[in-house]
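> Structure file input25.cif (mmCIF, C-alpha atoms and all ligand atoms) is given on the next line.
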```
data_my_file
#
loop_
_atom_site.label_atom_id
_atom_site.label_comp_id
_atom_site.auth_asym_id
_atom_site.auth_seq_id
_atom_site.Cartn_x
_atom_site.Cartn_y
_atom_site.Cartn_z
CA MET A 258 -84.16 140.67 -99.11
CA GLU A 259 -84.85 144.38 -99.16
CA LEU A 260 -85.22 146.08 -95.77
CA LYS A 261 -88.48 147.59 -96.98
CA LYS A 262 -89.96 144.09 -97.09
CA LEU A 263 -88.67 143.12 -93.65
CA GLY A 264 -90.00 146.25 -91.97
CA GLU A 265 -88.29 147.99 -89.06
CA PHE A 266 -89.34 145.47 -86.45
CA GLY A 267 -88.64 142.46 -88.69
CA LEU A 268 -85.14 143.82 -89.18
CA ILE A 269 -84.62 144.29 -85.43
CA ASP A 270 -85.77 140.69 -84.83
CA ARG A 271 -83.13 139.45 -87.26
CA ILE A 272 -80.45 141.68 -85.73
CA ALA A 273 -81.35 140.28 -82.30
CA ARG A 274 -80.65 136.78 -83.65
CA LEU A 275 -77.22 137.99 -84.82
CA ALA A 276 -76.36 139.32 -81.34
CA SER A 277 -73.58 137.59 -79.38
CA ARG A 278 -74.26 134.92 -76.78
CA LYS A 279 -75.95 136.04 -73.63
CA HIS A 280 -73.57 137.26 -70.94
CA PRO A 281 -74.74 136.50 -67.37
CA SER A 282 -74.98 140.20 -66.49
CA ILE A 283 -77.40 140.93 -69.37
CA ILE A 284 -80.85 141.03 -67.77
CA GLN A 285 -82.45 142.57 -70.88
CA GLY A 286 -80.66 142.86 -74.23
CA ILE A 287 -82.28 143.90 -77.51
CA GLY A 288 -86.06 144.23 -77.34
CA ASP A 289 -87.03 146.83 -74.76
CA ASP A 290 -86.69 150.61 -74.43
CA ALA A 291 -83.24 150.22 -72.90
CA ALA A 292 -80.84 147.39 -72.16
CA VAL A 293 -80.68 146.37 -68.48
CA LEU A 294 -77.26 145.21 -67.27
CA ARG A 295 -76.56 144.05 -63.74
CA LEU A 296 -74.03 146.37 -62.05
CA THR A 297 -74.12 145.42 -58.38
CA GLU A 298 -76.35 143.19 -56.34
CA LYS A 299 -79.28 145.61 -56.40
CA GLU A 300 -78.46 148.06 -59.18
CA SER A 301 -78.54 147.89 -62.96
CA LEU A 302 -77.08 150.00 -65.71
CA LEU A 303 -79.56 151.10 -68.40
CA ILE A 304 -78.37 151.91 -71.93
CA THR A 305 -80.36 153.32 -74.80
CA THR A 306 -79.53 155.04 -78.07
CA ASP A 307 -81.59 157.05 -80.54
CA LEU A 308 -80.70 158.65 -83.81
CA LEU A 309 -82.19 161.64 -85.58
CA THR A 310 -81.44 162.17 -89.23
CA GLU A 311 -82.19 165.19 -91.38
CA GLY A 312 -84.93 164.59 -93.95
CA ILE A 313 -86.43 161.70 -91.90
CA HIS A 314 -86.80 163.03 -88.37
CA PHE A 315 -86.36 166.74 -88.87
CA GLU A 316 -85.93 169.52 -91.41
CA THR A 317 -83.62 172.37 -90.52
CA SER A 318 -86.20 174.72 -92.06
CA SER A 319 -88.90 173.91 -89.51
CA THR A 320 -87.02 173.68 -86.23
CA THR A 321 -84.14 175.50 -84.56
CA PRO A 322 -80.78 173.91 -83.70
CA TYR A 323 -81.50 174.55 -80.01
CA LEU A 324 -84.83 172.68 -80.11
CA LEU A 325 -83.26 169.93 -82.20
CA GLY A 326 -80.64 169.44 -79.47
CA LYS A 327 -83.33 169.37 -76.80
CA LYS A 328 -85.43 166.86 -78.73
CA SER A 329 -82.55 164.52 -79.51
CA VAL A 330 -81.79 164.22 -75.78
CA ALA A 331 -85.51 164.01 -74.90
CA ALA A 332 -85.96 160.93 -77.10
CA ASN A 333 -83.24 159.14 -75.15
CA LEU A 334 -84.42 160.37 -71.75
CA SER A 335 -87.85 159.02 -72.63
CA ASP A 336 -86.48 155.49 -73.13
CA ILE A 337 -84.75 155.57 -69.73
CA ALA A 338 -88.01 156.93 -68.24
CA ALA A 339 -89.88 153.99 -69.78
CA MET A 340 -87.77 151.58 -67.72
CA GLY A 341 -88.26 153.65 -64.56
CA GLY A 342 -84.59 154.65 -64.51
CA THR A 343 -82.49 157.67 -63.56
CA PRO A 344 -80.51 159.20 -66.46
CA LEU A 345 -76.83 159.90 -65.79
CA TYR A 346 -74.45 160.19 -68.76
CA TYR A 347 -74.72 160.62 -72.51
CA VAL A 348 -72.43 160.59 -75.54
CA VAL A 349 -73.17 162.31 -78.85
CA SER A 350 -72.07 161.24 -82.34
CA LEU A 351 -72.44 163.76 -85.11
CA SER A 352 -72.25 163.29 -88.85
CA ILE A 353 -72.29 166.76 -90.28
CA PRO A 354 -71.76 168.47 -93.67
CA PRO A 355 -68.54 170.59 -93.65
CA ARG A 356 -70.44 173.74 -94.67
CA THR A 357 -72.51 173.76 -91.48
CA PRO A 358 -71.92 177.00 -89.53
CA TYR A 359 -70.34 176.56 -86.09
CA GLU A 360 -73.26 178.47 -84.56
CA PHE A 361 -75.56 175.56 -85.50
CA ILE A 362 -73.45 173.14 -83.46
CA GLN A 363 -73.19 175.60 -80.57
CA LYS A 364 -76.98 176.01 -80.36
CA LEU A 365 -77.49 172.26 -80.81
CA TYR A 366 -75.30 171.50 -77.80
CA GLN A 367 -76.85 174.28 -75.74
CA GLY A 368 -80.22 172.64 -76.37
CA MET A 369 -78.90 169.20 -75.44
CA ARG A 370 -77.39 170.60 -72.26
CA ALA A 371 -80.57 172.42 -71.25
CA GLN A 372 -82.62 169.22 -71.66
CA ALA A 373 -80.11 166.92 -69.97
CA GLN A 374 -79.45 169.21 -67.01
CA GLN A 375 -83.10 169.21 -66.02
CA TYR A 376 -82.80 165.51 -65.26
CA GLY A 377 -79.20 165.47 -64.03
CA ALA A 378 -77.55 163.91 -67.11
CA ALA A 379 -74.07 164.98 -68.25
CA LEU A 380 -72.32 164.86 -71.64
CA VAL A 381 -69.20 162.68 -71.37
CA GLY A 382 -68.08 161.98 -74.96
CA GLY A 383 -68.99 161.32 -78.55
CA ASP A 384 -67.64 161.20 -82.08
CA THR A 385 -67.58 163.59 -85.04
CA THR A 386 -67.41 162.90 -88.76
CA ALA A 387 -68.07 164.77 -91.99
CA SER A 388 -71.22 163.90 -93.90
CA ALA A 389 -71.75 163.98 -97.65
CA ALA A 390 -75.35 165.09 -97.26
CA PRO A 391 -77.66 165.04 -94.23
CA ILE A 392 -77.00 165.90 -90.59
CA THR A 393 -77.23 162.88 -88.30
CA ILE A 394 -77.29 163.11 -84.51
CA SER A 395 -76.87 159.88 -82.61
CA ILE A 396 -77.04 159.90 -78.84
CA ALA A 397 -76.50 157.10 -76.36
CA LEU A 398 -77.72 157.65 -72.83
CA MET A 399 -76.86 155.67 -69.74
CA GLY A 400 -78.74 155.55 -66.49
CA THR A 401 -79.27 153.39 -63.47
CA ALA A 402 -82.21 151.72 -61.76
CA ARG A 403 -82.90 149.38 -58.90
CA THR A 404 -82.98 146.02 -60.62
CA GLY A 405 -86.06 144.88 -58.73
CA THR A 406 -88.24 147.77 -59.84
CA VAL A 407 -87.26 148.06 -63.53
CA LEU A 408 -90.33 147.98 -65.77
CA TYR A 409 -90.34 146.06 -69.04
CA ARG A 410 -92.61 145.72 -72.05
CA HIS A 411 -93.47 142.25 -70.79
CA GLY A 412 -95.42 141.81 -67.57
CA ALA A 413 -98.93 142.98 -68.55
CA ARG A 414 -101.63 140.55 -67.37
CA ARG A 415 -105.29 140.03 -68.22
CA GLY A 416 -107.39 142.37 -66.08
CA ASP A 417 -104.70 145.09 -65.83
CA ALA A 418 -105.80 148.61 -66.70
CA VAL A 419 -103.97 150.49 -69.49
CA TYR A 420 -102.91 154.03 -68.57
CA ALA A 421 -101.18 156.85 -70.43
CA THR A 422 -99.50 160.02 -69.16
CA GLY A 423 -100.25 163.42 -70.68
CA PHE A 424 -102.16 164.04 -73.92
CA LEU A 425 -101.90 161.86 -77.02
CA GLY A 426 -101.61 162.95 -80.64
CA ASP A 427 -100.50 166.54 -80.07
CA ALA A 428 -97.04 165.94 -81.56
CA ALA A 429 -98.46 164.19 -84.64
CA LEU A 430 -100.93 166.99 -85.19
CA GLY A 431 -98.13 169.54 -84.74
CA LEU A 432 -96.18 167.75 -87.48
CA LEU A 433 -99.20 167.84 -89.81
CA MET A 434 -99.48 171.56 -89.15
CA ILE A 435 -95.80 172.10 -90.01
CA GLN A 436 -96.24 170.05 -93.18
CA LYS A 437 -99.17 172.27 -94.11
CA GLY A 438 -97.01 175.35 -93.80
CA LYS A 439 -97.55 176.51 -90.24
CA ALA A 440 -94.43 177.88 -88.56
CA LEU A 441 -93.40 177.61 -84.94
CA SER A 442 -94.60 180.40 -82.74
CA GLY A 443 -94.67 180.47 -78.97
CA ARG A 444 -98.43 180.22 -78.96
CA ASN A 445 -98.76 177.08 -81.00
CA ARG A 446 -98.89 174.33 -78.41
CA LEU A 447 -99.24 171.47 -80.92
CA ILE A 448 -96.20 172.43 -82.99
CA ARG A 449 -94.25 172.95 -79.79
CA ARG A 450 -95.22 169.46 -78.64
CA HIS A 451 -93.72 168.10 -81.87
CA LEU A 452 -90.53 170.16 -81.77
CA ASP A 453 -89.98 170.26 -78.00
CA PRO A 454 -91.39 167.14 -76.33
CA VAL A 455 -91.14 166.67 -72.57
CA PRO A 456 -89.74 163.32 -71.46
CA ARG A 457 -91.64 161.87 -68.47
CA VAL A 458 -88.57 161.03 -66.42
CA GLU A 459 -89.98 161.91 -62.99
CA GLU A 460 -93.25 160.14 -63.72
CA GLY A 461 -91.42 157.02 -64.91
CA LYS A 462 -89.31 156.97 -61.77
CA ALA A 463 -92.38 157.36 -59.56
CA ILE A 464 -94.31 154.59 -61.36
CA SER A 465 -91.34 152.29 -60.82
CA ARG A 466 -90.52 153.37 -57.23
CA LEU A 467 -94.15 153.09 -56.10
CA ARG A 468 -94.43 149.75 -57.96
CA LEU A 469 -97.62 150.90 -59.68
CA ALA A 470 -97.23 149.08 -63.00
CA SER A 471 -96.82 145.60 -64.44
CA SER A 472 -95.30 146.84 -67.73
CA MET A 473 -94.30 150.14 -69.32
CA ILE A 474 -93.13 151.61 -72.66
CA ASP A 475 -92.78 155.14 -73.98
CA ILE A 476 -94.98 156.25 -76.86
CA SER A 477 -92.48 157.11 -79.58
CA ASP A 478 -94.00 155.26 -82.55
CA GLY A 479 -97.68 155.88 -81.69
CA LEU A 480 -100.12 154.53 -79.08
CA VAL A 481 -101.26 151.55 -81.18
CA ALA A 482 -97.78 150.51 -82.31
CA ASP A 483 -96.29 150.85 -78.84
CA LEU A 484 -99.21 149.10 -77.12
CA ARG A 485 -98.69 146.27 -79.60
CA HIS A 486 -95.10 145.92 -78.32
CA ILE A 487 -96.46 145.44 -74.79
CA LEU A 488 -99.05 142.93 -76.06
CA GLU A 489 -96.52 140.92 -78.06
CA GLN A 490 -94.03 140.72 -75.22
CA SER A 491 -96.69 140.07 -72.57
CA HIS A 492 -98.58 137.51 -74.73
CA ALA A 493 -101.77 139.43 -74.04
CA GLY A 494 -104.48 141.40 -75.84
CA ALA A 495 -106.10 144.75 -75.08
CA THR A 496 -109.21 146.83 -75.52
CA LEU A 497 -108.87 150.58 -76.03
CA ARG A 498 -111.78 153.01 -75.82
CA LEU A 499 -111.73 156.03 -78.13
CA SER A 500 -113.92 157.99 -75.70
CA ARG A 501 -111.21 157.65 -73.05
CA LEU A 502 -108.26 158.95 -75.10
CA PRO A 503 -106.71 162.01 -73.43
CA LEU A 504 -107.03 164.72 -76.09
CA SER A 505 -105.86 168.25 -75.38
CA ALA A 506 -108.06 171.30 -75.93
CA PRO A 507 -106.01 172.47 -78.98
CA TYR A 508 -106.19 168.93 -80.40
CA LYS A 509 -109.98 168.89 -80.12
CA LYS A 510 -110.20 172.33 -81.67
CA LEU A 511 -107.79 171.86 -84.60
CA CYS A 512 -107.72 168.14 -85.40
CA LYS A 513 -110.45 168.23 -88.07
CA THR A 514 -108.61 171.00 -89.94
CA PHE A 515 -105.38 169.05 -90.25
CA SER A 516 -106.33 165.37 -90.15
CA ASP A 517 -108.96 163.40 -92.12
CA ASP A 518 -109.72 161.26 -89.09
CA PHE A 519 -110.30 162.70 -85.64
CA TYR A 520 -108.63 159.84 -83.73
CA VAL A 521 -105.76 158.81 -86.04
CA PRO A 522 -103.17 161.32 -84.72
CA ALA A 523 -103.86 160.18 -81.12
CA LEU A 524 -103.86 156.47 -82.00
CA CYS A 525 -101.10 156.30 -84.57
CA GLY A 526 -99.09 159.50 -84.34
CA GLY A 527 -95.55 159.21 -83.05
CA GLU A 528 -93.27 161.27 -80.88
CA ASP A 529 -95.55 162.20 -77.99
CA TYR A 530 -92.96 160.65 -75.66
CA GLU A 531 -95.66 159.96 -73.10
CA LEU A 532 -95.56 156.80 -70.98
CA LEU A 533 -97.94 153.89 -71.55
CA PHE A 534 -98.24 151.50 -68.61
CA THR A 535 -100.41 148.70 -67.31
CA VAL A 536 -101.73 148.58 -63.76
CA PRO A 537 -102.89 145.49 -61.85
CA PRO A 538 -106.35 145.85 -60.22
CA ARG A 539 -104.93 146.07 -56.67
CA LYS A 540 -102.78 149.09 -57.67
CA ARG A 541 -105.53 151.12 -59.35
CA HIS A 542 -106.31 153.10 -56.24
CA ALA A 543 -102.63 153.96 -55.65
CA VAL A 544 -102.32 155.19 -59.27
CA GLU A 545 -105.36 157.44 -58.91
CA THR A 546 -103.96 158.86 -55.64
CA TRP A 547 -100.54 159.49 -57.19
CA ALA A 548 -102.15 161.04 -60.29
CA ARG A 549 -103.81 163.71 -58.16
CA THR A 550 -100.35 165.01 -57.14
CA LEU A 551 -99.37 165.74 -60.77
CA THR A 552 -99.98 168.60 -63.17
CA ILE A 553 -100.37 166.30 -66.21
CA PRO A 554 -103.29 163.89 -66.65
CA ILE A 555 -102.86 160.18 -66.04
CA THR A 556 -105.66 158.50 -67.97
CA HIS A 557 -107.20 155.04 -67.87
CA ILE A 558 -107.64 154.30 -71.59
CA GLY A 559 -108.33 150.57 -71.75
CA GLU A 560 -107.88 147.04 -70.46
CA ILE A 561 -105.52 144.14 -70.95
CA THR A 562 -107.34 140.99 -72.13
CA GLY A 563 -106.33 137.36 -72.43
CA ASN A 564 -106.87 137.48 -76.18
CA SER A 565 -103.17 137.22 -77.11
CA GLY A 566 -102.02 139.71 -79.74
CA LYS A 567 -105.53 141.07 -80.35
CA LEU A 568 -106.06 144.80 -79.99
CA LYS A 569 -109.71 145.83 -80.00
CA ILE A 570 -110.61 149.50 -80.37
CA LEU A 571 -114.12 150.51 -79.31
CA ASP A 572 -115.99 153.68 -80.21
CA ASP A 573 -118.27 155.52 -77.78
CA ARG A 574 -121.12 153.11 -78.56
CA ASP A 575 -118.91 150.08 -77.85
CA ARG A 576 -118.64 149.20 -81.54
CA GLU A 577 -115.30 147.85 -82.71
CA VAL A 578 -113.48 150.14 -85.16
CA ALA A 579 -110.69 149.27 -87.57
CA ILE A 580 -107.63 151.45 -87.85
CA SER A 581 -106.10 152.08 -91.21
CA LYS A 582 -102.55 152.94 -90.17
CA ARG A 583 -100.30 151.09 -87.77
CA GLY A 584 -98.44 154.06 -86.42
CA PHE A 585 -95.04 155.17 -87.56
CA THR A 586 -92.54 152.45 -88.47
CA HIS A 587 -89.43 152.64 -90.65
CA PHE A 588 -88.92 150.90 -94.08
P1 LIG B 601 -87.45 152.61 -79.10
O1 LIG B 601 -88.53 153.07 -80.06
O2 LIG B 601 -87.91 152.44 -77.69
O3 LIG B 601 -86.18 153.43 -79.20
P2 LIG B 601 -86.75 150.65 -81.03
O4 LIG B 601 -88.03 150.16 -81.66
O5 LIG B 601 -85.93 151.65 -81.73
O6 LIG B 601 -87.08 151.13 -79.55
O7 LIG B 601 -85.82 149.41 -80.71
C1 LIG B 601 -86.30 148.24 -80.12
C2 LIG B 601 -85.13 147.41 -79.62
O8 LIG B 601 -84.26 147.05 -80.70
C3 LIG B 601 -84.24 148.14 -78.61
O9 LIG B 601 -83.79 147.18 -77.66
C4 LIG B 601 -83.07 148.62 -79.45
O10 LIG B 601 -81.90 148.78 -78.69
C5 LIG B 601 -82.93 147.50 -80.48
N1 LIG B 601 -82.35 147.93 -81.76
C6 LIG B 601 -82.90 148.80 -82.65
N2 LIG B 601 -82.10 148.95 -83.74
C7 LIG B 601 -81.02 148.16 -83.53
C8 LIG B 601 -79.82 147.87 -84.26
N3 LIG B 601 -79.59 148.46 -85.45
N4 LIG B 601 -78.92 147.03 -83.72
C9 LIG B 601 -79.15 146.45 -82.51
N5 LIG B 601 -80.26 146.66 -81.78
C10 LIG B 601 -81.18 147.50 -82.26
MG MG B 602 -88.96 153.57 -76.41
#
```
Kindly present the structure from the file in structure tokens form.
Ligand code: ADP
Ligand code: MG


Amino acid sequence: MELKKLGEFGLIDRIARLASRKHPSIIQGIGDDAAVLRLTEKESLLITTDLLTEGIHFETSSTTPYLLGKKSVAANLSDIAAMGGTPLYYVVSLSIPPRTPYEFIQKLYQGMRAQAQQYGAALVGGDTTASAAPITISIALMGTARTGTVLYRHGARRGDAVYATGFLGDAALGLLMIQKGKALSGRNRLIRRHLDPVPRVEEGKAISRLRLASSMIDISDGLVADLRHILEQSHAGATLRLSRLPLSAPYKKLCKTFSDDFYVPALCGGEDYELLFTVPPRKRHAVETWARTLTIPITHIGEITGNSGKLKILDDRDREVAISKRGFTHF
């Protein structure tokens, strides 16, 4: 069967069935933002890996090697953040055409280092090979977390509130702007959000440490697609309200120019690397109190329902709307 037919998530399901027998230390294997492996009585090792490939995830013409390095580490940091973990070590595998100038690699690694250092992660290894065509950057990041406070995609319950950090859709809109010929300049916040996303590591750690959430995921594939992962694994449904989506001022100003639909980039656009989490009713007050200490918004965007697998999206007059695109998936 062709992979295109299976879809990215269908393929991952099949790969999970090919995985080896469960070892007793594996608390979470394939299926969440990172694997969770028992280290000591109270601590777990978290492992995640993400790959960026030229022509699919980036074009060398529209980013810089420094920002590419930063983003490739950010994508991994975001997955550790989504579990509530602390990043520690990373390894980098490169597949690179022989004609690539050394300066590209130097800037790439300077970008990786700048991103990783902000959160205390260190480069400890990797692998290098020649490539016949595109540049591929594969990073694996390890971190730790207290086993008892790790947050998973499962755990959302009917009556929980759905929250998101930051603004949604900026990165997707930034990508549309690049595709329509806009170049990066310091002033363009949307393009910067696409090329230089900020992983919510501190926020993820706080949500976990303060035990604010029942489930969490990072928004890498798009709000709708990533919320669906929570719903599937929690056997729950959800209602989202368009009027509640956190949209930035530049998004509101420029969306109509670059997107046919005003809400699609926020609902379906990938790579915001914000956190999506669900909060039980008794923790709502604590979330609102914590949110006031931050410089980014923490927004209540919807509710978890008992309607398993069903995602309802309501417009500002409480009418249900259909979405045409399911976010960004591969194959
Ligand atoms: P994320 O978007 O958070 O990085 P993915 O959708 O890429 O998550 O992956 C979902 C789960 O599937 C993760 O546990 C990941 O480790 C696993 N996974 C993805 N691709 C593969 C693969 N080729 N082999 C084994 N596991 C995989
Ligand atoms: Mg993730």

> Let me see if you get this right: every residue at most 7 Å from ligand MG 602 (chain B), counting only C-alpha atoms and all ligand atoms, written as a list in words.

Asp290, Ser335, Asp336, Ala339, Ile474, Asp475, Ile476 and Ser477 of chain A

> Counting only C-alpha atoms, figure out which residue out of A:Arg450, A:Lys509, A:Arg576, A:Arg278 gets nearest to Leu324 in chain A.

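Closest to Leu324 in chain A, using only C-alpha atoms: A:Arg450.
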
> In file coordinates, which residues lie within 8 Å of (-83.5, 163.6, -76.0) using all atoms listed in the file, given as a PyMOL selection string?

chain A and resi 326-335+369+372-373+396+456

> Mind listing the residues within 9 Å of ligand LIG 601 (chain B), all atoms listed in the file counted, as a PDB file with C-alpha atoms, in the frame of the given file?


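As a result, part_29.pdb now contains:
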```pdb
ATOM      1  CA  GLU A 265     -88.290 147.990 -89.060  1.00  0.00           C
ATOM      2  CA  PHE A 266     -89.340 145.470 -86.450  1.00  0.00           C
ATOM      3  CA  LEU A 268     -85.140 143.820 -89.180  1.00  0.00           C
ATOM      4  CA  ILE A 269     -84.620 144.290 -85.430  1.00  0.00           C
ATOM      5  CA  ASP A 270     -85.770 140.690 -84.830  1.00  0.00           C
ATOM      6  CA  ILE A 272     -80.450 141.680 -85.730  1.00  0.00           C
ATOM      7  CA  ALA A 273     -81.350 140.280 -82.300  1.00  0.00           C
ATOM      8  CA  LEU A 275     -77.220 137.990 -84.820  1.00  0.00           C
ATOM      9  CA  ALA A 276     -76.360 139.320 -81.340  1.00  0.00           C
ATOM     10  CA  GLN A 285     -82.450 142.570 -70.880  1.00  0.00           C
ATOM     11  CA  GLY A 286     -80.660 142.860 -74.230  1.00  0.00           C
ATOM     12  CA  ILE A 287     -82.280 143.900 -77.510  1.00  0.00           C
ATOM     13  CA  GLY A 288     -86.060 144.230 -77.340  1.00  0.00           C
ATOM     14  CA  ASP A 289     -87.030 146.830 -74.760  1.00  0.00           C
ATOM     15  CA  ASP A 290     -86.690 150.610 -74.430  1.00  0.00           C
ATOM     16  CA  ALA A 291     -83.240 150.220 -72.900  1.00  0.00           C
ATOM     17  CA  ALA A 292     -80.840 147.390 -72.160  1.00  0.00           C
ATOM     18  CA  ILE A 304     -78.370 151.910 -71.930  1.00  0.00           C
ATOM     19  CA  THR A 305     -80.360 153.320 -74.800  1.00  0.00           C
ATOM     20  CA  THR A 306     -79.530 155.040 -78.070  1.00  0.00           C
ATOM     21  CA  ASP A 307     -81.590 157.050 -80.540  1.00  0.00           C
ATOM     22  CA  LEU A 308     -80.700 158.650 -83.810  1.00  0.00           C
ATOM     23  CA  ALA A 332     -85.960 160.930 -77.100  1.00  0.00           C
ATOM     24  CA  ASN A 333     -83.240 159.140 -75.150  1.00  0.00           C
ATOM     25  CA  SER A 335     -87.850 159.020 -72.630  1.00  0.00           C
ATOM     26  CA  ASP A 336     -86.480 155.490 -73.130  1.00  0.00           C
ATOM     27  CA  ALA A 339     -89.880 153.990 -69.780  1.00  0.00           C
ATOM     28  CA  ILE A 474     -93.130 151.610 -72.660  1.00  0.00           C
ATOM     29  CA  ASP A 475     -92.780 155.140 -73.980  1.00  0.00           C
ATOM     30  CA  ILE A 476     -94.980 156.250 -76.860  1.00  0.00           C
ATOM     31  CA  SER A 477     -92.480 157.110 -79.580  1.00  0.00           C
ATOM     32  CA  ASP A 478     -94.000 155.260 -82.550  1.00  0.00           C
ATOM     33  CA  ASP A 483     -96.290 150.850 -78.840  1.00  0.00           C
ATOM     34  CA  HIS A 486     -95.100 145.920 -78.320  1.00  0.00           C
ATOM     35  CA  THR A 586     -92.540 152.450 -88.470  1.00  0.00           C
TER      36      THR A 586
END
```

> Can you pull out every residue within 10 Å of Glu545 in chain A, counting only C-alpha atoms, but drop anything in the same chain fewer than 4 positions away, and send it as a list in words?

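Here the answer would be Lys540, Arg541, Arg549, Thr550, Ile555, Thr556 and His557 of chain A.
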
> Restricting the output to C-alpha atoms, write the selected residues as an mmCIF file, keeping the file's coordinate frame.


```
data_model
loop_
_atom_site.group_PDB
_atom_site.id
_atom_site.type_symbol
_atom_site.label_atom_id
_atom_site.label_comp_id
_atom_site.auth_asym_id
_atom_site.auth_seq_id
_atom_site.Cartn_x
_atom_site.Cartn_y
_atom_site.Cartn_z
ATOM 1 C CA LYS A 540 -102.780 149.090 -57.670
ATOM 2 C CA ARG A 541 -105.530 151.120 -59.350
ATOM 3 C CA ARG A 549 -103.810 163.710 -58.160
ATOM 4 C CA THR A 550 -100.350 165.010 -57.140
ATOM 5 C CA ILE A 555 -102.860 160.180 -66.040
ATOM 6 C CA THR A 556 -105.660 158.500 -67.970
ATOM 7 C CA HIS A 557 -107.200 155.040 -67.870
#
```

> What does the structure give for the distance between CA of Leu532 in chain A and CA of Ser282 in chain A, in Å to one decimal?

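We find that CA of Leu532 in chain A and CA of Ser282 in chain A lie 26.8 Å from each other.
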
> Tell me, in Å to one decimal, how far CA of Ile448 in chain A is from CA of Pro503 in chain A.

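Pair CA of Ile448 in chain A / CA of Pro503 in chain A returns 17.6 Å.
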
> When you look at Val381 in chain A with a cut-off of 8 Å (counting all atoms listed in the file), what residues show up, excluding the ones that are within fewer than 4 positions of it in the same chain? I need them as a list in words.

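Residues near the query, excluding close chain neighbours: Tyr346, Tyr347 and Val348 of chain A.
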
> Residues of the last selection are to be written out with C-alpha atoms, as a PDB file, in the coordinates of the input.


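Output below, filename result_4.pdb:
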```
ATOM      1  CA  TYR A 346     -74.450 160.190 -68.760  1.00  0.00           C
ATOM      2  CA  TYR A 347     -74.720 160.620 -72.510  1.00  0.00           C
ATOM      3  CA  VAL A 348     -72.430 160.590 -75.540  1.00  0.00           C
TER       4      VAL A 348
END
```

> In Å to one decimal, how far is CA of Glu459 in chain A from CA of Glu531 in chain A?

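Rounded to one decimal, the two atoms are 11.8 Å apart.
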
> Taking into account only C-alpha atoms, which residue in the set A:Glu316, A:Asp453, A:Asp575, A:Glu311 is nearest to Gln436 in chain A?

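Of A:Glu316, A:Asp453, A:Asp575, A:Glu311, the one nearest Gln436 in chain A, counting only C-alpha atoms, is A:Glu316.
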
> With distances taken over all atoms listed in the file, which residue among A:Gly400, A:Gly377, A:Gly267, A:Pro344 lies nearest Leu303 in chain A?

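So, comparing all the options, the nearest one is A:Gly400.
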
> Nearest residue to Ala387 in chain A out of A:Thr422, A:Thr406, A:Ser352, A:Thr310, using all atoms listed in the file?

A:Ser352
